[in-house]
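Structure file start_15.cif (mmCIF, C-alpha atoms and all ligand atoms) follows.
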data_query
loop_
_atom_site.label_atom_id
_atom_site.label_comp_id
_atom_site.auth_asym_id
_atom_site.auth_seq_id
_atom_site.Cartn_x
_atom_site.Cartn_y
_atom_site.Cartn_z
CA MET I 1 65.73 -110.49 -187.53
CA ASN I 2 64.06 -108.58 -190.31
CA GLN I 3 60.42 -108.83 -189.44
CA THR I 4 58.85 -105.96 -187.55
CA LEU I 5 58.04 -106.66 -183.96
CA SER I 6 55.54 -104.94 -181.71
CA LEU I 7 56.73 -103.12 -178.61
CA SER I 8 55.42 -105.84 -176.33
CA GLN I 9 57.18 -108.51 -178.41
CA LEU I 10 60.36 -106.52 -177.86
CA GLY I 11 59.90 -106.63 -174.09
CA TRP I 12 58.28 -103.23 -173.53
CA ARG I 13 56.38 -103.07 -170.23
CA PRO I 14 54.97 -100.63 -167.67
CA TYR I 15 58.36 -100.28 -165.95
CA PHE I 16 59.68 -98.53 -169.08
CA GLN I 17 56.46 -96.85 -170.14
CA GLN I 18 56.13 -95.04 -166.82
CA GLN I 19 59.52 -93.40 -167.28
CA LEU I 20 58.26 -91.33 -170.22
CA THR I 21 56.94 -87.82 -169.78
CA LEU I 22 53.81 -86.84 -171.71
CA GLU I 23 55.92 -84.77 -174.06
CA GLU I 24 58.31 -87.66 -174.73
CA LEU I 25 55.37 -89.94 -175.30
CA GLU I 26 54.19 -87.61 -178.02
CA TRP I 27 57.26 -87.16 -180.18
CA LEU I 28 59.84 -89.80 -179.23
CA THR I 29 59.89 -93.50 -180.15
CA PRO I 30 61.17 -96.23 -177.84
CA VAL I 31 63.62 -98.63 -179.53
CA ARG I 32 65.62 -101.54 -178.12
CA ILE I 33 69.35 -101.90 -178.78
CA SER I 34 70.07 -105.17 -180.59
CA SER I 35 73.79 -104.86 -181.30
CA HIS I 36 76.58 -102.51 -180.45
CA HIS I 37 79.41 -101.33 -182.69
CA ARG I 38 82.14 -98.75 -182.39
CA SER I 39 80.29 -95.72 -183.66
CA GLN I 40 76.74 -96.92 -184.05
CA VAL I 41 74.16 -99.26 -182.62
CA GLN I 42 71.44 -101.32 -184.24
CA ALA I 43 68.03 -101.17 -182.67
CA LEU I 44 64.72 -102.94 -183.08
CA SER I 45 61.48 -101.08 -182.99
CA GLU I 46 57.96 -101.02 -184.33
CA LEU I 47 59.49 -99.30 -187.35
CA GLY I 48 61.79 -102.25 -188.03
CA GLU I 49 65.56 -102.37 -187.62
CA LEU I 50 67.27 -99.00 -187.28
CA THR I 51 70.91 -97.96 -187.33
CA LEU I 52 71.58 -95.20 -184.83
CA PRO I 53 74.78 -93.15 -184.68
CA LEU I 54 76.39 -92.87 -181.26
CA SER I 55 77.40 -89.45 -180.03
CA ALA I 56 80.77 -89.14 -178.32
CA GLN I 57 79.41 -87.80 -175.07
CA GLY I 58 76.45 -90.17 -175.01
CA ASP I 59 75.60 -92.54 -172.24
CA ALA I 60 77.21 -96.00 -172.53
CA LEU I 61 74.68 -98.38 -174.02
CA ALA I 62 74.27 -102.12 -173.74
CA VAL I 63 72.45 -104.63 -175.92
CA GLY I 64 68.95 -104.86 -174.48
CA ASP I 65 68.79 -101.20 -173.46
CA TRP I 66 65.69 -99.16 -174.26
CA VAL I 67 66.38 -95.71 -175.69
CA LEU I 68 64.12 -92.94 -176.95
CA VAL I 69 64.82 -91.65 -180.45
CA ASP I 70 63.53 -88.53 -182.15
CA PRO I 71 62.01 -88.44 -185.66
CA GLN I 72 65.52 -87.98 -187.11
CA HIS I 73 66.56 -91.21 -185.37
CA ARG I 74 68.87 -89.47 -182.93
CA ILE I 75 69.13 -91.04 -179.49
CA ARG I 76 67.62 -88.67 -176.95
CA ARG I 77 67.80 -90.65 -173.74
CA ARG I 78 68.31 -94.12 -172.29
CA LEU I 79 65.63 -95.48 -170.02
CA SER I 80 66.46 -96.79 -166.59
CA ARG I 81 67.38 -100.49 -166.63
CA GLN I 82 65.66 -103.37 -164.92
CA SER I 83 68.81 -105.47 -164.88
CA LEU I 84 72.38 -105.26 -166.14
CA PHE I 85 75.26 -107.66 -166.71
CA GLN I 86 78.61 -105.96 -166.80
CA ARG I 87 82.25 -106.86 -166.45
CA ARG I 88 85.56 -105.20 -165.89
CA ALA I 89 87.02 -104.38 -169.27
CA PRO I 90 90.01 -106.64 -170.02
CA GLY I 91 93.27 -104.87 -169.19
CA SER I 92 91.50 -101.92 -167.65
CA LYS I 93 91.52 -100.90 -164.02
CA LEU I 94 88.28 -99.11 -163.65
CA GLU I 95 86.32 -99.30 -166.84
CA THR I 96 83.39 -101.63 -166.96
CA GLN I 97 82.03 -103.18 -170.10
CA LEU I 98 78.29 -103.44 -170.39
CA ILE I 99 77.29 -106.91 -171.52
CA ALA I 100 73.50 -106.99 -171.61
CA ALA I 101 70.63 -105.04 -170.11
CA ASN I 102 67.02 -105.75 -169.23
CA ILE I 103 67.28 -109.53 -169.22
CA ASP I 104 64.51 -111.27 -167.30
CA THR I 105 65.89 -114.79 -166.96
CA LEU I 106 69.37 -116.27 -166.96
CA PHE I 107 69.60 -119.94 -167.87
CA VAL I 108 72.52 -121.28 -165.86
CA VAL I 109 73.49 -124.27 -167.98
CA CYS I 110 75.36 -127.13 -166.36
CA SER I 111 75.68 -130.68 -167.65
CA LEU I 112 74.82 -133.74 -165.62
CA ASN I 113 77.89 -135.73 -166.61
CA HIS I 114 81.31 -135.53 -164.91
CA ASP I 115 81.16 -131.75 -165.33
CA PHE I 116 78.40 -131.34 -162.74
CA ASN I 117 79.64 -128.97 -160.05
CA LEU I 118 77.62 -127.24 -157.33
CA ASN I 119 80.32 -124.63 -156.66
CA ARG I 120 80.19 -123.57 -160.28
CA ILE I 121 76.42 -123.29 -160.18
CA GLU I 122 76.73 -121.07 -157.10
CA ARG I 123 79.18 -118.88 -158.97
CA PHE I 124 76.76 -118.37 -161.87
CA LEU I 125 73.89 -117.75 -159.45
CA ALA I 126 75.94 -114.98 -157.82
CA LEU I 127 76.34 -113.32 -161.22
CA ALA I 128 72.58 -113.51 -161.81
CA HIS I 129 71.80 -112.03 -158.41
CA GLU I 130 74.32 -109.26 -158.86
CA ALA I 131 72.68 -108.32 -162.18
CA SER I 132 69.14 -108.51 -160.67
CA VAL I 133 68.19 -111.29 -163.06
CA GLN I 134 66.17 -114.35 -162.09
CA PRO I 135 68.24 -117.52 -162.55
CA VAL I 136 66.93 -120.87 -163.75
CA VAL I 137 69.33 -123.81 -163.53
CA VAL I 138 69.19 -125.94 -166.68
CA LEU I 139 70.85 -129.32 -166.20
CA THR I 140 71.65 -130.79 -169.62
CA LYS I 141 72.70 -134.30 -170.67
CA ALA I 142 70.08 -135.88 -168.43
CA ASP I 143 70.21 -138.82 -170.85
CA LEU I 144 73.82 -139.49 -169.84
CA CYS I 145 73.20 -139.46 -166.09
CA SER I 146 71.88 -142.29 -163.94
CA GLU I 147 71.20 -140.20 -160.85
CA VAL I 148 69.16 -137.27 -162.17
CA ALA I 149 66.79 -137.15 -159.19
CA ALA I 150 69.67 -137.00 -156.70
CA ARG I 151 71.38 -134.20 -158.67
CA LEU I 152 68.15 -132.23 -158.87
CA ALA I 153 67.75 -132.56 -155.12
CA GLN I 154 71.32 -131.32 -154.57
CA VAL I 155 70.69 -128.23 -156.66
CA ARG I 156 67.34 -127.56 -154.97
CA GLN I 157 69.15 -127.70 -151.64
CA LEU I 158 71.13 -124.60 -152.60
CA ASP I 159 67.94 -122.58 -152.37
CA PRO I 160 64.40 -123.90 -151.91
CA MET I 161 63.06 -121.18 -154.25
CA LEU I 162 65.52 -121.97 -157.04
CA MET I 163 64.03 -123.18 -160.32
CA VAL I 164 65.76 -126.20 -161.81
CA GLU I 165 65.07 -128.26 -164.93
CA ALA I 166 66.88 -131.39 -166.10
CA ILE I 167 66.72 -132.02 -169.85
CA ASN I 168 68.23 -133.82 -172.76
CA ALA I 169 68.95 -130.76 -174.88
CA LEU I 170 69.08 -132.88 -178.05
CA GLU I 171 65.36 -133.67 -177.70
CA PRO I 172 63.29 -130.69 -178.86
CA GLU I 173 60.24 -131.86 -176.89
CA GLN I 174 62.24 -131.56 -173.68
CA LEU I 175 63.08 -127.92 -174.33
CA VAL I 176 59.39 -127.19 -173.95
CA ARG I 177 60.07 -127.28 -170.20
CA LEU I 178 61.84 -123.95 -170.61
CA SER I 179 58.83 -122.40 -172.36
CA SER I 180 57.43 -120.53 -169.41
CA TRP I 181 60.48 -118.25 -169.44
CA CYS I 182 60.62 -117.87 -173.22
CA GLY I 183 57.20 -116.42 -174.02
CA GLN I 184 56.42 -113.13 -175.75
CA GLY I 185 58.12 -110.11 -174.24
CA GLN I 186 60.53 -112.20 -172.14
CA SER I 187 64.29 -111.74 -172.54
CA VAL I 188 66.64 -114.58 -171.68
CA ALA I 189 70.38 -115.18 -171.72
CA LEU I 190 72.52 -118.27 -171.16
CA LEU I 191 75.65 -118.83 -169.16
CA GLY I 192 77.67 -121.98 -168.62
CA SER I 193 81.05 -123.63 -169.06
CA SER I 194 82.34 -124.82 -172.39
CA GLY I 195 80.73 -127.95 -173.79
CA VAL I 196 77.74 -128.10 -171.46
CA GLY I 197 75.29 -127.66 -174.34
CA LYS I 198 74.59 -123.92 -174.55
CA SER I 199 74.59 -123.85 -178.36
CA THR I 200 72.41 -126.95 -178.44
CA VAL I 201 69.86 -125.30 -176.13
CA ILE I 202 70.01 -122.05 -178.12
CA ASN I 203 69.43 -123.83 -181.44
CA GLY I 204 66.50 -125.65 -179.90
CA LEU I 205 64.91 -122.44 -178.66
CA LEU I 206 65.36 -120.33 -181.77
CA GLN I 207 62.77 -119.95 -184.45
CA GLN I 208 65.11 -120.52 -187.39
CA PRO I 209 68.50 -121.45 -185.97
CA GLU I 210 70.56 -121.11 -189.17
CA GLN I 211 69.20 -117.77 -190.28
CA GLN I 212 69.16 -116.23 -186.85
CA THR I 213 72.88 -116.48 -186.35
CA GLY I 214 73.65 -114.65 -189.59
CA ALA I 215 76.57 -112.28 -189.33
CA ILE I 216 76.41 -108.54 -189.90
CA ARG I 217 79.22 -106.97 -191.87
CA GLU I 218 80.11 -103.39 -191.26
CA GLN I 219 82.97 -101.03 -191.88
CA ASP I 220 85.02 -99.92 -188.92
CA SER I 221 86.52 -96.44 -188.57
CA LYS I 222 89.53 -97.38 -190.75
CA GLY I 223 87.33 -98.68 -193.52
CA ARG I 224 88.06 -102.34 -192.76
CA HIS I 225 85.25 -104.81 -192.91
CA THR I 226 84.49 -106.40 -189.61
CA THR I 227 82.05 -109.18 -188.95
CA THR I 228 79.88 -109.07 -185.91
CA HIS I 229 77.06 -111.30 -184.89
CA ARG I 230 73.58 -110.35 -184.06
CA SER I 231 72.98 -110.50 -180.35
CA LEU I 232 69.19 -110.60 -180.22
CA HIS I 233 67.27 -113.54 -181.59
CA LEU I 234 63.59 -114.35 -181.68
CA MET I 235 62.69 -117.66 -180.03
CA SER I 236 59.93 -119.89 -181.33
CA GLN I 237 57.94 -119.28 -178.15
CA GLY I 238 57.96 -115.53 -178.92
CA GLY I 239 60.59 -114.34 -176.43
CA LEU I 240 64.00 -112.84 -177.15
CA LEU I 241 67.29 -114.60 -176.66
CA MET I 242 70.24 -112.34 -175.97
CA ASP I 243 73.52 -113.94 -176.88
CA THR I 244 75.87 -111.01 -176.56
CA PRO I 245 79.65 -111.09 -176.86
CA GLY I 246 81.15 -111.56 -173.41
CA MET I 247 78.02 -112.98 -171.84
CA ARG I 248 79.25 -116.55 -171.98
CA GLU I 249 82.62 -115.69 -170.41
CA LEU I 250 81.34 -113.55 -167.60
CA GLN I 251 83.62 -113.57 -164.53
CA LEU I 252 82.85 -112.79 -160.95
CA SER I 253 84.06 -109.38 -159.94
CA ASP I 254 82.73 -106.82 -157.50
CA CYS I 255 79.74 -108.94 -156.73
CA GLU I 256 79.79 -109.20 -152.99
CA GLN I 257 76.06 -108.58 -152.85
CA GLY I 258 75.39 -111.27 -155.44
CA VAL I 259 77.49 -113.80 -153.52
CA ASN I 260 75.77 -112.89 -150.25
CA ASP I 261 72.36 -113.33 -151.88
CA VAL I 262 73.26 -116.83 -153.04
CA PHE I 263 74.38 -117.70 -149.52
CA ALA I 264 71.43 -116.20 -147.67
CA ASP I 265 71.23 -119.29 -145.42
CA LEU I 266 74.82 -118.77 -144.32
CA GLN I 267 74.25 -115.04 -143.84
CA SER I 268 71.31 -115.69 -141.59
CA LEU I 269 73.28 -118.21 -139.50
CA ALA I 270 76.15 -115.72 -139.23
CA ARG I 271 73.89 -113.22 -137.53
CA ASP I 272 73.90 -115.58 -134.52
CA CYS I 273 77.71 -115.81 -134.31
CA ARG I 274 79.04 -114.34 -131.06
CA PHE I 275 81.37 -111.92 -132.85
CA SER I 276 79.97 -109.65 -135.53
CA ASP I 277 83.19 -109.98 -137.56
CA CYS I 278 83.32 -113.78 -137.14
CA GLN I 279 85.28 -115.46 -139.94
CA HIS I 280 83.64 -118.81 -139.13
CA GLN I 281 86.98 -120.50 -138.57
CA GLN I 282 87.62 -121.47 -134.94
CA GLU I 283 86.02 -118.57 -133.13
CA PRO I 284 84.02 -119.46 -130.01
CA GLY I 285 80.26 -119.13 -130.40
CA CYS I 286 80.33 -119.50 -134.20
CA ALA I 287 76.82 -120.40 -135.35
CA VAL I 288 78.05 -121.37 -138.83
CA GLN I 289 80.52 -123.94 -137.46
CA ALA I 290 77.78 -125.21 -135.12
CA ALA I 291 75.46 -125.71 -138.10
CA ILE I 292 78.22 -127.58 -139.93
CA ALA I 293 78.84 -129.79 -136.87
CA SER I 294 75.14 -130.62 -136.60
CA GLY I 295 74.92 -131.42 -140.32
CA ALA I 296 72.48 -128.55 -141.01
CA LEU I 297 74.97 -126.79 -143.31
CA PRO I 298 77.31 -128.66 -145.65
CA LEU I 299 80.98 -127.74 -145.11
CA ARG I 300 81.22 -127.49 -148.92
CA ARG I 301 78.89 -124.51 -148.81
CA LEU I 302 81.02 -122.52 -146.37
CA LYS I 303 84.14 -123.31 -148.40
CA SER I 304 82.42 -122.31 -151.64
CA TYR I 305 81.21 -119.04 -150.06
CA GLN I 306 84.69 -118.16 -148.84
CA LYS I 307 86.24 -119.02 -152.18
CA LEU I 308 83.76 -116.91 -154.16
CA MET I 309 84.18 -113.96 -151.79
CA ARG I 310 87.95 -114.11 -152.25
CA GLU I 311 87.61 -114.53 -155.99
CA GLN I 312 85.23 -111.63 -156.54
CA ALA I 313 87.37 -109.38 -154.34
CA LEU I 314 90.53 -110.35 -156.18
CA ASN I 315 89.00 -109.96 -159.66
CA GLY I 316 87.46 -106.70 -158.57
CA ALA I 317 90.66 -105.22 -157.19
CA THR I 318 92.44 -102.91 -159.56
CA LEU I 319 95.70 -104.17 -160.89
CA ALA I 320 97.56 -101.61 -158.79
CA GLN I 321 95.81 -102.74 -155.65
CA LYS I 322 96.53 -106.32 -156.52
CA ARG I 323 100.22 -105.60 -156.96
CA ALA I 324 100.30 -103.72 -153.66
CA LYS I 325 98.53 -106.61 -152.01
CA ASP I 326 100.96 -109.17 -153.46
CA LYS I 327 103.89 -107.03 -152.33
CA ALA I 328 102.48 -106.65 -148.82
CA LEU I 329 101.85 -110.38 -148.69
CA GLY I 330 105.43 -111.03 -149.82
CA LYS I 331 106.74 -108.80 -147.04
CA TYR I 332 104.49 -110.53 -144.52
CA TYR I 333 105.91 -113.93 -145.50
CA GLN I 334 109.44 -112.53 -145.27
CA ARG I 335 108.68 -111.25 -141.77
CA ILE I 336 107.32 -114.60 -140.67
CA GLN I 337 110.24 -116.45 -142.20
CA SER I 338 112.81 -114.25 -140.53
CA ALA I 339 110.93 -114.43 -137.22
CA SER I 340 110.92 -118.21 -137.39
CA ARG I 341 114.61 -118.24 -138.35
CA GLN I 342 115.35 -116.05 -135.32
CA GLN I 343 113.29 -118.37 -133.13
CA LYS I 344 115.27 -121.34 -134.39
CA LYS I 345 118.48 -119.50 -133.62
CA GLY I 346 117.19 -119.13 -130.06
CA TYR I 347 116.75 -115.31 -129.87
N1 LIG V 1 73.69 -136.63 -174.91
C1 LIG V 1 73.55 -135.29 -174.86
N2 LIG V 1 74.45 -134.52 -175.53
C2 LIG V 1 74.30 -133.20 -175.47
C3 LIG V 1 73.28 -132.58 -174.72
N3 LIG V 1 73.42 -131.23 -174.84
C4 LIG V 1 74.49 -131.03 -175.62
N4 LIG V 1 75.04 -132.21 -176.01
C5 LIG V 1 76.25 -132.41 -176.83
O1 LIG V 1 77.34 -131.84 -176.14
C6 LIG V 1 78.29 -131.27 -177.04
C7 LIG V 1 78.57 -129.80 -176.68
O2 LIG V 1 77.38 -129.07 -176.86
P1 LIG V 1 77.39 -127.53 -177.25
O3 LIG V 1 75.96 -127.12 -177.39
O4 LIG V 1 78.30 -127.28 -178.38
O5 LIG V 1 78.02 -126.91 -175.95
P2 LIG V 1 78.38 -125.37 -175.64
O6 LIG V 1 78.07 -125.16 -174.22
O7 LIG V 1 77.72 -124.49 -176.62
O8 LIG V 1 79.94 -125.39 -175.84
P3 LIG V 1 80.93 -124.14 -176.16
O9 LIG V 1 80.58 -123.67 -177.54
O10 LIG V 1 82.28 -124.76 -176.05
O11 LIG V 1 80.70 -123.13 -175.10
C8 LIG V 1 77.67 -131.43 -178.43
O12 LIG V 1 78.26 -132.57 -179.01
C9 LIG V 1 76.20 -131.65 -178.15
O13 LIG V 1 75.58 -132.43 -179.15
C10 LIG V 1 72.34 -133.42 -174.02
O14 LIG V 1 71.43 -132.98 -173.33
N5 LIG V 1 72.55 -134.75 -174.14
ZN ZN V 2 80.88 -117.55 -137.28
#
Produce structure tokens that represent the structure in this file.
Amino acid sequence: MNQTLSLSQLGWRPYFQQQLTLEELEWLTPVRISSHHRSQVQALSELGELTLPLSAQGDALAVGDWVLVDPQHRIRRRLSRQSLFQRRAPGSKLETQLIAANIDTLFVVCSLNHDFNLNRIERFLALAHEASVQPVVVLTKADLCSEVAARLAQVRQLDPMLMVEAINALEPEQLVRLSSWCGQGQSVALLGSSGVGKSTVINGLLQQPEQQTGAIREQDSKGRHTTTHRSLHLMSQGGLLMDTPGMRELQLSDCEQGVNDVFADLQSLARDCRFSDCQHQQEPGCAVQAAIASGALPLRRLKSYQKLMREQALNGATLAQKRAKDKALGKYYQRIQSASRQQKKGY
């Protein structure tokens, strides 16, 4: 992206502006991080594309972050974020990897063929909620599905406020339905399983698909050439698409709040359970089970909630904790087995 963009085209808004002191306003320039490398970041600004060195003790930065730079192009400070996607760094216990910041809308892409899966949509919605990003469900391959209306209704049932669009991503005119989230100053990202049509949607939204995905070559610390891809692309509607490494493979971890947000209906039912720590299994006075019995709540939804809660807790647990847990569980099974053996022996 070589053309110069205005601050508002880059997503600048009052939320960021109001964080600047008068002094900062006078001598510092806001720039937006567009890609992240080992020792430097690229940023977009009214001055064009800048390369900024990273200092060792500096704040961890994510693509999409706004930072203030001085006239020598040194990063002075990062502005507070409106939203953030992050994940546990692979192989690390505590470190988190920042994936993308200040995204406004997450397109949760799911295809309408055999791959359609409400549980998976709920999982992606939890990630969006956890990051404080507004989700929009984009159902692709509408041309291959004979029950589009029924599927749309199923997704809308997850949350009456949820925005859902069904499209044939191969038809450019149909992508226009996503326009209201792709206008000037808006930042969007996509998430979805393999083969659902993410690249097809991205190519349809970009201004010049071929050029926009051009690779950047840079030298790493050992002098080797590495190829990285640009993460920020201008869409034909004027907004920015953030396709950052790791975004497409985001996993659920430590997102209890996000999962709870997606299951607000279940949370509100649970407040009427007799026991405050009700697990909604066979406890007396369980309002969730009552809603399932009356047909008000699909059993699938409770199962999906419980599965996602377990999954995010497990992914979030440090490796050490996980090992301890597995060991404790192993001992528990041993105890049960030996107790049942003793019972059989008639003790
Ligand atoms: N009929 C139809 N085919 C589609 C649609 N969207 C995508 N496809 C096709 O589905 C296949 C997969 O699409 P991609 O865009 O590569 O999917 P992806 O999600 O980027 O896949 P990964 O790169 O594996 O993550 C391609 O052959 C597309 O042409 C659609 O709406 N209708
Ligand atoms: Zn209950």
(message) Need the shell around range 12-29 of chain I: protein/DNA/RNA residues with any atom at most 10 Å away, counting all atoms listed in the file. Skip same-chain ones fewer than 2 positions apart. Format as an NGL selection string?
(response) :I and (6-10 or 31-32 or 45-47 or 66-77 or 79-82 or 185-186)
(message) Please return as a ChimeraX atom specification the residues found within 8 Å of ligand ZN 2 (chain V), counting all atoms listed in the file.
(response) /I:269-270,272-275,277-281,283,285-289
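The closest residue to ligand LIG 1 (chain V), picked from I:Ala142, I:Val262, I:Leu162, I:Ala43 and counting all atoms listed in the file, is I:Ala142.
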I'd like a table as a Markdown table: residues in chain I with an atom no more than 6 Å from ligand LIG 1 (chain V), each row giving the shortest atom pair and its distance in Å to one decimal, all atoms listed in the file counted, sorted by chain and rising residue number.
| residue | atom | partner | partner_atom | distance |
| --- | --- | --- | --- | --- |
| I:Thr140 | CA | V:LIG1 | O14 | 4.3 |
| I:Lys141 | CA | V:LIG1 | O14 | 3.2 |
| I:Ala142 | CA | V:LIG1 | O14 | 5.9 |
| I:Asp143 | CA | V:LIG1 | N5 | 5.7 |
| I:Leu144 | CA | V:LIG1 | N1 | 5.8 |
| I:Ile167 | CA | V:LIG1 | O14 | 5.9 |
| I:Asn168 | CA | V:LIG1 | O14 | 3.4 |
| I:Ala169 | CA | V:LIG1 | O14 | 3.7 |
| I:Leu170 | CA | V:LIG1 | C10 | 5.2 |
| I:Ser194 | CA | V:LIG1 | O11 | 3.6 |
| I:Gly195 | CA | V:LIG1 | O8 | 3.4 |
| I:Val196 | CA | V:LIG1 | O6 | 4.0 |
| I:Gly197 | CA | V:LIG1 | O3 | 3.2 |
| I:Lys198 | CA | V:LIG1 | O6 | 3.7 |
| I:Ser199 | CA | V:LIG1 | O7 | 3.6 |
| I:Thr200 | CA | V:LIG1 | O3 | 3.7 |
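What separates CA of Gln257 in chain I from CA of Ser111 in chain I is a distance of 26.6 Å.
Of the residues listed (I:Leu234, I:Met161, I:Val108, I:Cys145), I:Met161 shows the shortest atom-to-atom separation from Ala264 in chain I; distances use only C-alpha atoms.
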